[in-house]
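File shown here: target.cif, holding mmCIF, C-alpha atoms.
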```cif
data_entry
#
loop_
_atom_site.label_atom_id
_atom_site.label_comp_id
_atom_site.auth_asym_id
_atom_site.auth_seq_id
_atom_site.Cartn_x
_atom_site.Cartn_y
_atom_site.Cartn_z
CA MET W 17 6.38 -17.01 -33.42
CA SER W 18 6.10 -20.03 -35.61
CA SER W 19 9.46 -19.27 -37.20
CA SER W 20 11.17 -20.21 -33.93
CA THR W 21 9.85 -23.78 -34.05
CA PRO W 22 12.93 -25.87 -33.37
CA THR W 23 11.90 -28.83 -35.53
CA GLN W 24 10.14 -28.98 -38.83
CA SER W 25 7.84 -31.82 -39.73
CA LEU W 26 9.20 -34.02 -42.46
CA VAL W 27 5.76 -34.75 -43.80
CA GLN W 28 3.92 -32.30 -45.96
CA PRO W 29 0.37 -31.42 -44.95
CA VAL W 30 -2.29 -33.68 -46.34
CA GLY W 31 -5.69 -32.71 -47.55
CA SER W 32 -5.49 -33.05 -51.27
CA ALA W 33 -7.92 -35.53 -52.80
CA ARG W 34 -5.05 -37.35 -54.48
CA VAL W 35 -3.40 -38.29 -51.20
CA TRP W 36 -6.70 -39.51 -49.77
CA GLY W 37 -7.39 -41.55 -52.92
CA THR W 38 -3.95 -43.14 -52.83
CA ALA W 39 -4.30 -43.83 -49.11
CA LEU W 40 -7.62 -45.57 -49.70
CA VAL W 41 -6.10 -47.90 -52.30
CA VAL W 42 -3.05 -48.60 -50.09
CA VAL W 43 -5.21 -49.38 -47.06
CA GLY W 44 -7.37 -51.70 -49.17
CA VAL W 45 -4.37 -53.65 -50.45
CA LEU W 46 -2.79 -53.91 -46.99
CA LEU W 47 -6.04 -55.04 -45.37
CA LEU W 48 -6.38 -57.74 -48.05
CA LEU W 49 -2.83 -58.88 -47.25
CA THR W 50 -3.68 -58.91 -43.53
CA TYR W 51 -6.80 -60.94 -44.26
CA LEU W 52 -4.87 -63.52 -46.29
CA VAL W 53 -2.23 -63.93 -43.58
CA ALA W 54 -4.41 -63.85 -40.50
CA PHE W 55 -8.04 -64.67 -41.29
CA ASP W 56 -8.47 -66.52 -44.61
CA GLN W 57 -9.85 -70.05 -44.45
CA GLY W 58 -9.46 -70.67 -48.19
CA ALA W 59 -12.43 -68.60 -49.30
CA ILE W 60 -10.61 -65.76 -51.04
CA SER W 61 -7.12 -67.11 -51.68
CA ARG W 62 -8.64 -70.00 -53.72
CA SER W 63 -5.79 -72.15 -52.43
CA GLY W 64 -7.93 -74.39 -50.30
CA MET W 65 -6.42 -74.43 -46.85
CA TYR W 66 -2.84 -74.30 -48.13
CA LEU W 67 -2.07 -70.69 -47.14
CA HIS W 68 -3.94 -71.15 -43.88
CA GLU W 69 -1.91 -74.23 -42.99
CA LEU W 70 1.40 -72.74 -44.18
CA MET W 71 1.05 -69.70 -41.91
CA HIS W 72 -0.71 -71.61 -39.15
CA ASP W 73 1.98 -71.18 -36.47
CA GLY W 74 2.15 -67.48 -37.20
CA ARG W 75 -1.60 -67.10 -36.75
CA HIS W 76 -1.56 -68.78 -33.37
CA LEU W 77 1.41 -66.74 -32.16
CA LEU W 78 0.02 -63.46 -33.48
CA GLY W 79 -3.06 -64.22 -31.41
CA VAL W 80 -5.80 -64.15 -34.04
CA PRO W 81 -8.65 -66.66 -33.63
CA CYS W 82 -7.87 -69.88 -35.47
CA HIS W 83 -10.16 -72.94 -35.81
CA MET P 29 15.74 -19.29 -39.38
CA PRO P 30 14.02 -20.16 -42.65
CA LEU P 31 10.43 -21.31 -42.55
CA THR P 32 10.92 -24.00 -45.16
CA THR P 33 13.67 -26.55 -45.42
CA PRO P 34 15.84 -26.47 -48.49
CA HIS P 35 15.09 -30.17 -48.96
CA SER P 36 11.72 -31.16 -50.28
CA PRO P 37 9.62 -32.97 -47.67
CA PRO P 38 9.07 -36.68 -48.26
CA THR P 39 5.97 -37.64 -50.12
CA PHE P 40 3.34 -40.13 -49.00
CA ALA P 41 5.14 -42.78 -51.06
CA THR P 42 8.44 -42.21 -49.24
CA VAL P 43 6.82 -42.41 -45.81
CA LEU P 44 4.89 -45.50 -46.89
CA LEU P 45 8.07 -47.24 -48.06
CA ARG P 46 9.74 -46.53 -44.72
CA GLY P 47 6.75 -47.95 -42.87
CA LEU P 48 6.69 -51.08 -45.05
CA LEU P 49 10.43 -51.61 -44.53
CA ALA P 50 10.20 -51.10 -40.77
CA GLY P 51 7.25 -53.51 -40.70
CA LEU P 52 9.05 -56.21 -42.68
CA VAL P 53 12.13 -56.14 -40.45
CA ALA P 54 9.99 -55.98 -37.30
CA GLY P 55 7.91 -58.90 -38.56
CA LEU P 56 11.01 -61.03 -39.10
CA LEU P 57 12.25 -60.11 -35.60
CA ALA P 58 8.87 -61.09 -34.16
CA GLY P 59 9.09 -64.32 -36.15
CA ALA P 60 12.49 -65.06 -34.62
CA PHE P 61 11.06 -64.46 -31.13
CA GLY P 62 8.09 -66.67 -31.90
CA TYR P 63 10.34 -69.38 -33.32
CA LEU P 64 12.56 -69.46 -30.23
CA VAL P 65 9.93 -68.96 -27.52
CA GLY P 66 6.63 -70.01 -29.08
CA GLU P 67 7.44 -73.04 -31.25
CA PRO P 68 8.26 -75.41 -28.33
CA ARG P 69 4.80 -74.62 -26.89
CA ILE P 70 3.11 -75.19 -30.24
CA GLU P 71 4.86 -78.56 -30.57
CA ALA P 72 3.70 -79.55 -27.09
CA ALA P 73 0.12 -78.50 -27.84
CA ILE P 74 0.09 -80.42 -31.14
CA ALA P 75 1.37 -83.52 -29.33
CA ILE P 76 -1.59 -83.25 -26.94
CA GLU P 77 -3.97 -82.70 -29.84
CA GLU P 78 -2.75 -85.74 -31.72
CA SER P 79 -2.81 -88.06 -28.72
CA ALA P 80 -6.41 -86.95 -28.12
CA THR P 81 -7.35 -87.57 -31.75
CA HIS P 82 -5.90 -91.06 -31.72
CA THR P 83 -7.45 -92.20 -28.46
CA GLY P 84 -10.68 -90.28 -28.13
CA PRO P 85 -13.77 -89.98 -30.30
CA VAL P 86 -12.89 -86.37 -31.19
CA ALA P 87 -12.52 -86.18 -34.96
CA ASP P 88 -10.65 -82.97 -35.60
CA ASP P 89 -9.70 -83.11 -39.26
CA HIS P 90 -8.00 -79.75 -39.10
CA HIS P 91 -4.51 -81.18 -39.09
CA ALA P 92 -5.32 -84.64 -40.31
CA ASP P 93 -4.67 -84.03 -43.99
CA ASP P 94 -1.14 -82.70 -43.43
CA LEU P 95 -1.44 -80.22 -46.28
CA VAL P 96 1.73 -78.59 -44.98
CA GLY P 97 4.21 -80.53 -42.86
CA ARG P 98 5.48 -79.28 -39.51
CA GLY P 99 8.74 -78.17 -41.14
CA GLY P 100 6.79 -76.07 -43.62
CA GLN P 101 4.68 -74.59 -40.86
CA ARG P 102 7.75 -73.64 -38.83
CA ALA P 103 9.18 -71.84 -41.88
CA GLY P 104 5.73 -70.42 -42.62
CA LEU P 105 5.88 -68.68 -39.26
CA PHE P 106 8.44 -66.26 -40.68
CA LEU P 107 6.37 -65.78 -43.83
CA ALA P 108 3.30 -65.01 -41.72
CA THR P 109 4.98 -62.56 -39.34
CA GLY P 110 6.97 -60.95 -42.16
CA LEU P 111 3.87 -60.31 -44.29
CA PHE P 112 1.78 -59.32 -41.27
CA GLY P 113 4.49 -56.92 -40.09
CA THR P 114 4.79 -55.40 -43.57
CA ALA P 115 1.05 -54.83 -43.70
CA MET P 116 1.01 -53.31 -40.20
CA GLY P 117 3.97 -51.04 -41.02
CA GLY P 118 2.21 -49.81 -44.15
CA LEU P 119 -1.03 -49.20 -42.28
CA LEU P 120 0.83 -47.34 -39.53
CA ALA P 121 2.60 -45.17 -42.11
CA THR P 122 -0.69 -44.38 -43.85
CA ALA P 123 -2.38 -43.58 -40.55
CA TYR P 124 0.56 -41.36 -39.66
CA VAL P 125 0.36 -39.34 -42.88
CA LEU P 126 -3.39 -38.88 -42.48
CA LEU P 127 -3.30 -38.12 -38.72
CA ARG P 128 -0.12 -36.07 -38.85
CA ARG P 129 -1.69 -32.75 -38.00
CA ARG P 130 -3.84 -34.12 -35.18
CA LEU P 131 -0.87 -35.51 -33.26
CA ARG P 132 0.16 -31.99 -32.24
CA SER P 133 3.86 -32.58 -32.46
CA THR P 134 6.33 -31.33 -35.00
CA ASP P 135 8.76 -34.12 -34.23
CA ASP P 136 8.08 -36.98 -36.66
CA GLY P 137 10.20 -39.50 -34.80
CA ARG P 138 8.35 -38.85 -31.54
CA SER P 139 4.89 -38.87 -33.13
CA VAL P 140 5.55 -42.18 -34.86
CA LEU P 141 6.64 -43.77 -31.58
CA LEU P 142 3.50 -42.52 -29.80
CA LEU P 143 1.30 -43.80 -32.61
CA ALA P 144 2.94 -47.25 -32.55
CA GLY P 145 2.65 -47.36 -28.75
CA GLY P 146 -1.01 -46.43 -28.91
CA THR P 147 -1.61 -49.15 -31.48
CA LEU P 148 0.16 -51.72 -29.28
CA VAL P 149 -2.18 -50.84 -26.40
CA GLY P 150 -5.37 -50.55 -28.46
CA ALA P 151 -5.01 -53.28 -31.07
CA VAL P 152 -3.00 -55.86 -29.06
CA LEU P 153 -3.23 -55.46 -25.28
CA VAL P 154 -6.95 -54.62 -25.09
CA PRO P 155 -8.05 -57.60 -27.28
CA PHE P 156 -5.58 -59.89 -25.49
CA GLY P 157 -7.21 -59.19 -22.13
CA LYS P 158 -10.54 -60.65 -23.25
CA TYR P 159 -9.59 -62.92 -26.15
CA PRO P 160 -6.09 -64.22 -25.34
CA ALA P 161 -4.29 -66.30 -27.94
CA ASN P 162 -4.95 -70.03 -27.92
CA PRO P 163 -2.54 -72.79 -28.92
CA PRO P 164 -3.50 -75.52 -31.39
CA ALA P 165 -5.92 -78.05 -29.83
CA VAL P 166 -7.87 -75.24 -28.16
CA GLY P 167 -10.89 -73.74 -29.83
CA ASP P 168 -14.19 -74.94 -31.25
CA PRO P 169 -14.19 -74.76 -35.09
CA ASP P 170 -17.94 -74.13 -35.04
CA THR P 171 -17.53 -70.75 -33.35
CA ILE P 172 -14.62 -69.47 -35.48
CA ASP P 173 -16.80 -66.89 -37.25
CA GLN P 174 -18.27 -65.46 -34.03
CA ARG P 175 -14.85 -65.41 -32.37
CA THR P 176 -13.24 -63.67 -35.35
CA VAL P 177 -15.93 -60.97 -35.52
CA ALA P 178 -15.78 -60.39 -31.74
CA TYR P 179 -11.98 -60.23 -31.85
CA LEU P 180 -11.97 -57.67 -34.68
CA ALA P 181 -14.65 -55.63 -32.91
CA LEU P 182 -12.45 -55.48 -29.82
CA VAL P 183 -9.43 -54.43 -31.93
CA VAL P 184 -11.49 -51.50 -33.23
CA LEU P 185 -12.86 -50.69 -29.76
CA GLY P 186 -9.34 -50.85 -28.32
CA LEU P 187 -8.17 -48.25 -30.83
CA VAL P 188 -11.24 -46.13 -30.05
CA ALA P 189 -10.37 -46.47 -26.34
CA VAL P 190 -6.88 -45.11 -26.96
CA TRP P 191 -8.40 -42.25 -28.93
CA ALA P 192 -10.84 -41.56 -26.07
CA GLY P 193 -7.90 -41.57 -23.67
CA THR P 194 -6.16 -38.97 -25.81
CA LEU P 195 -9.30 -36.83 -25.81
CA GLY P 196 -9.53 -37.14 -22.03
CA TYR P 197 -5.89 -36.16 -21.64
CA ARG P 198 -6.36 -33.12 -23.84
CA SER P 199 -9.63 -32.11 -22.19
CA VAL P 200 -7.70 -30.98 -19.10
CA ARG P 201 -5.91 -27.70 -19.58
CA ALA P 202 -2.19 -27.94 -20.07
CA ASP P 203 -1.18 -26.03 -16.95
CA ALA P 204 -3.15 -28.35 -14.65
CA PRO P 205 -1.23 -30.81 -12.43
CA VAL P 206 0.04 -33.68 -14.51
CA TRP P 207 -1.91 -36.32 -12.55
CA GLN P 208 -5.15 -34.65 -13.61
CA ARG P 209 -4.29 -34.87 -17.30
CA PHE P 210 -3.19 -38.51 -17.05
CA GLY P 211 -6.16 -39.33 -14.84
CA ALA P 212 -8.57 -37.95 -17.42
CA GLY P 213 -6.72 -39.90 -20.10
CA VAL P 214 -6.93 -43.19 -18.20
CA GLY P 215 -10.59 -42.49 -17.47
CA GLY P 216 -11.45 -41.98 -21.14
CA PHE P 217 -9.56 -45.11 -22.09
CA LEU P 218 -11.17 -47.29 -19.41
CA LEU P 219 -14.66 -46.01 -20.22
CA VAL P 220 -14.53 -47.42 -23.75
CA ALA P 221 -12.46 -50.52 -22.92
CA VAL P 222 -14.75 -51.64 -20.09
CA VAL P 223 -17.84 -51.18 -22.26
CA GLY P 224 -16.21 -53.38 -24.91
CA TYR P 225 -15.33 -56.07 -22.36
CA VAL P 226 -18.87 -56.12 -20.96
CA VAL P 227 -20.81 -55.95 -24.23
CA LEU P 228 -18.85 -58.46 -26.34
CA PRO P 229 -19.47 -62.20 -25.82
CA SER P 230 -17.13 -64.46 -23.88
CA PHE P 231 -15.81 -67.79 -25.15
CA GLN P 232 -14.59 -70.53 -22.82
CA GLU P 233 -13.24 -73.25 -25.06
CA VAL P 234 -10.14 -74.47 -23.26
CA PRO P 235 -10.54 -78.21 -22.56
CA ASP P 236 -10.65 -79.05 -18.86
CA ASP P 237 -7.63 -81.33 -19.10
CA PHE P 238 -5.42 -78.93 -21.06
CA PRO P 239 -2.22 -78.22 -19.04
CA ALA P 240 -2.54 -74.80 -17.42
CA THR P 241 1.21 -74.16 -17.47
CA LEU P 242 1.41 -74.84 -21.20
CA LEU P 243 -1.54 -72.52 -21.86
CA TRP P 244 0.03 -69.75 -19.78
CA ASN P 245 3.44 -70.13 -21.43
CA PHE P 246 1.92 -70.16 -24.92
CA ARG P 247 -0.08 -67.02 -24.22
CA LEU P 248 3.00 -65.24 -22.87
CA ALA P 249 4.93 -66.26 -26.01
CA SER P 250 2.10 -64.99 -28.20
CA LEU P 251 1.89 -61.68 -26.36
CA GLY P 252 5.67 -61.38 -26.56
CA THR P 253 5.58 -61.90 -30.33
CA GLN P 254 3.14 -59.01 -30.76
CA VAL P 255 5.05 -56.78 -28.32
CA VAL P 256 8.30 -57.44 -30.21
CA LEU P 257 6.51 -56.67 -33.48
CA TRP P 258 5.06 -53.32 -32.43
CA THR P 259 8.07 -52.20 -30.40
CA ALA P 260 10.34 -52.90 -33.37
CA ILE P 261 7.97 -51.23 -35.84
CA GLY P 262 7.81 -48.14 -33.65
CA LEU P 263 11.55 -47.88 -33.09
CA LEU P 264 12.57 -48.66 -36.68
CA PHE P 265 9.93 -46.44 -38.27
CA SER P 266 10.83 -43.67 -35.84
CA ALA P 267 14.51 -44.05 -36.73
CA LEU P 268 13.71 -43.85 -40.44
CA MET P 269 11.54 -40.78 -39.91
CA SER P 270 14.11 -39.05 -37.72
CA ARG P 271 16.99 -39.52 -40.14
CA GLY P 272 17.32 -39.18 -43.85
CA GLY P 273 14.43 -36.81 -44.13
CA GLY P 274 16.69 -33.96 -44.91
CA ARG P 275 16.40 -31.86 -41.75
CA PRO P 276 19.63 -29.88 -41.78
CA ARG P 277 21.67 -29.97 -38.59
CA SER P 278 21.80 -26.19 -38.48
CA GLU P 279 18.06 -26.12 -38.11
CA ARG P 280 18.14 -28.03 -34.85
CA HIS P 281 17.87 -26.34 -31.52
CA ALA P 282 21.09 -24.78 -30.37
CA GLY P 283 21.30 -27.00 -27.28
CA ASP P 284 20.47 -30.16 -29.22
CA ARG P 285 23.32 -32.58 -28.84
CA PRO P 286 24.04 -34.57 -32.00
CA GLY P 287 22.46 -37.99 -32.04
CA GLU P 288 20.15 -37.25 -29.15
CA PRO P 289 16.48 -37.65 -29.92
CA ALA P 290 14.62 -34.38 -29.78
CA ILE P 291 12.17 -35.54 -27.11
CA GLY P 292 10.68 -32.65 -25.25
CA GLN P 293 11.14 -30.25 -28.11
CA GLY P 294 8.08 -31.48 -29.89
CA THR P 295 5.74 -28.79 -28.61
CA PRO P 296 4.82 -26.37 -31.35
CA ALA P 297 5.86 -22.87 -30.39
CA HIS P 298 2.52 -21.27 -31.07
CA PRO P 299 1.96 -17.98 -29.26
#
```

Show me the file's structure as structure tokens.
Amino acid sequence: MSSSTPTQSLVQPVGSARVWGTALVVVGVLLLLTYLVAFDQGAISRSGMYLHELMHDGRHLLGVPCH
Amino acid sequence: MPLTTPHSPPTFATVLLRGLLAGLVAGLLAGAFGYLVGEPRIEAAIAIEESATHTGPVADDHHADDLVGRGGQRAGLFLATGLFGTAMGGLLATAYVLLRRRLRSTDDGRSVLLLAGGTLVGAVLVPFGKYPANPPAVGDPDTIDQRTVAYLALVVLGLVAVWAGTLGYRSVRADAPVWQRFGAGVGGFLLVAVVGYVVLPSFQEVPDDFPATLLWNFRLASLGTQVVLWTAIGLLFSALMSRGGGRPRSERHAGDRPGEPAIGQGTPAHP
């Protein structure tokens, strides 16, 4: 009996097109942020190498390939 | 017992905010670990790099312009891990909402922990085994594009390997001896991971005279930074999903002691 399930999920079921659309936008924004922090060499941020150099120690310690 | 909770379930936006918050805090914690454990190794590596630049014919202009000073870079470490953690927390939350029904558990706090643990194995440990982190002064700038593509490919393959391990685990019937289920899981994981290790190219760019102890210590510090990040994301996100979601206490299992995580009760009671 499903009514005896001791715990209820806090998250409502997904499947509606709206949730998928929102998720797509969110994932795109977060991947862009990840790219700027971890992989950009000045091509997209238009800041030259400033962002790259500023977060240089973080890149090395997070383990992403760097120069 | 009522089928629906009197409280409305959190929306995608609420779950996303919890993931972002957990990621930000976890990122700052990872930054603190990296600052304490990793920075001394980075300083040592940069000292080697600069002595090589001044004496040898190697013209590495990567750090020559001093666009950002060392003080700025040490502070930038927290910016980098904070932003990276926020992004990872948001991605984990989104993945959780989309994969929720495939995780086969009704306990959000437990599912979130499993998902974060799987990501740590697939997106961090698997790539680290073939492409471990390198300190400054190691790495050929001419191969950065190939190395980045190969690294990202192994991140994806690592996550696929974890997924294959889950499939293997579930392919054995539930009443079989537990070693058979875990064995099938490990087999599925290794199948994909080994293929990735064999197919993807190798890069050997550590200079012959680079101190082995420094390289080892830096790589441990780097691995530790990622482990701190994902452990903290998992625990914090799990805490935020276990509390405050509006599950009334009366709805808990009768034997559930207050404050004790509901591990082991996550199996749906389907007939």

Find the residues around stretch 163-176 of chain P up to 6 Å (only C-alpha atoms counted), leave out those fewer than 2 positions away in its own chain, and share them as number ranges by chain. W: 81, 83; P: 73, 77, 178-179, 233-234

Atom CA of P:Gly47 to atom CA of P:Phe265, distance in Å rounded to a single decimal: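 Those two atoms sit 5.8 Å apart.
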
Taking (1.8, -62.1, -26.3) in the coordinates of the supplied file, I want to know which residues reach to within 8 Å of it, counting all atoms listed in the file; could you give the answer as a short mmCIF file (atom, residue, chain, number, x, y, z; two decimals) with C-alpha atoms, in the coordinates of the input?
```cif
data_model
loop_
_atom_site.label_atom_id
_atom_site.label_comp_id
_atom_site.auth_asym_id
_atom_site.auth_seq_id
_atom_site.Cartn_x
_atom_site.Cartn_y
_atom_site.Cartn_z
CA LEU W 77 1.41 -66.74 -32.16
CA LEU W 78 0.02 -63.46 -33.48
CA GLY W 79 -3.06 -64.22 -31.41
CA PHE P 156 -5.58 -59.89 -25.49
CA ALA P 161 -4.29 -66.30 -27.94
CA ARG P 247 -0.08 -67.02 -24.22
CA LEU P 248 3.00 -65.24 -22.87
CA ALA P 249 4.93 -66.26 -26.01
CA SER P 250 2.10 -64.99 -28.20
CA LEU P 251 1.89 -61.68 -26.36
CA GLY P 252 5.67 -61.38 -26.56
CA THR P 253 5.58 -61.90 -30.33
CA GLN P 254 3.14 -59.01 -30.76
CA VAL P 255 5.05 -56.78 -28.32
#
```

Padding 8 Å on each side, edges along x, y and z: where is the centre of the box around the listed atoms of stretch 51-57 of chain W, and how long are its edges in Å to one decimal? Output it as lines of an AutoDock Vina configuration file.
```
center_x = -6.0
center_y = -65.5
center_z = -43.4
size_x = 23.6
size_y = 25.1
size_z = 21.8
```

Of the candidates W:Cys82, W:Val41, W:Val35, W:Asp73, which one gets nearest to W:Phe55 if we count all atoms listed in the file? W:Cys82

Computed interatomic separation between atom CA of P:Tyr225 and atom CA of P:Ser199 (Å): 24.6 Å

Provide the atom CA of P:Thr114 to atom CA of P:Leu52 distance in Å, to one decimal place.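 Atom-to-atom, atom CA of P:Thr114 to atom CA of P:Leu52, that is 4.4 Å.
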
Take the point (-6.0, -53.1, -27.3) as written in the file and pick out every residue within 12 Å of it, counting only C-alpha atoms; give the list as number ranges by chain. P: 144-160, 179-191, 217-218, 220-222, 224-225, 251, 254-255

Compare P:Arg102, P:Arg46, P:Arg201, P:Arg130 by their minimum atom-to-atom distance to chain W, counting all atoms listed in the file, and give me the closest one.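 Of P:Arg102, P:Arg46, P:Arg201, P:Arg130, the one nearest chain W is P:Arg102, counting all atoms listed in the file.
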
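With all atoms listed in the file as the atoms that count, the residue of P:Leu105, P:Ala72, P:Leu44, P:Ala54 with the shortest distance to chain W is P:Leu105.
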
Nearest to P:Ile76: which of P:Ala108, P:Leu242, P:Leu268, P:Val140 is it, counting all atoms listed in the file? P:Leu242

Show which residues sit within 12 Å of P:Gly97, as an NGL selection string. Count all atoms listed in the file, and ignore same-chain residues fewer than 5 positions away. (:W and (66 or 69-73)) or (:P and (91-92 or 102-104))

Using the chain letters and numbers from the file, give me the residues hit by the PyMOL selection byres ((chain W and resi 52) around 10), as a list in words.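 Going through the file, the PyMOL selection byres ((chain W and resi 52) around 10) ends up selecting Leu46, Leu47, Leu48, Leu49, Thr50, Tyr51, Val53, Ala54, Phe55, Asp56, Gln57, Gly58, Ala59, Ile60, Ser61, Leu67, His68 and Met71 of chain W; Ala108, Leu111 and Phe112 of chain P.
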
Using all atoms listed in the file, which of the listed residues (P:Ala50, P:Leu126, P:Leu219, P:Leu119) sits closest to W:Val42?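 Using all atoms listed in the file, the shortest distance to W:Val42 belongs to P:Leu119.
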
Nearest to chain P: which of W:Gly44, W:Gly37, W:Val80, W:Ser32 is it, counting all atoms listed in the file?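 Counting all atoms listed in the file, the residue closest to chain P is W:Val80.
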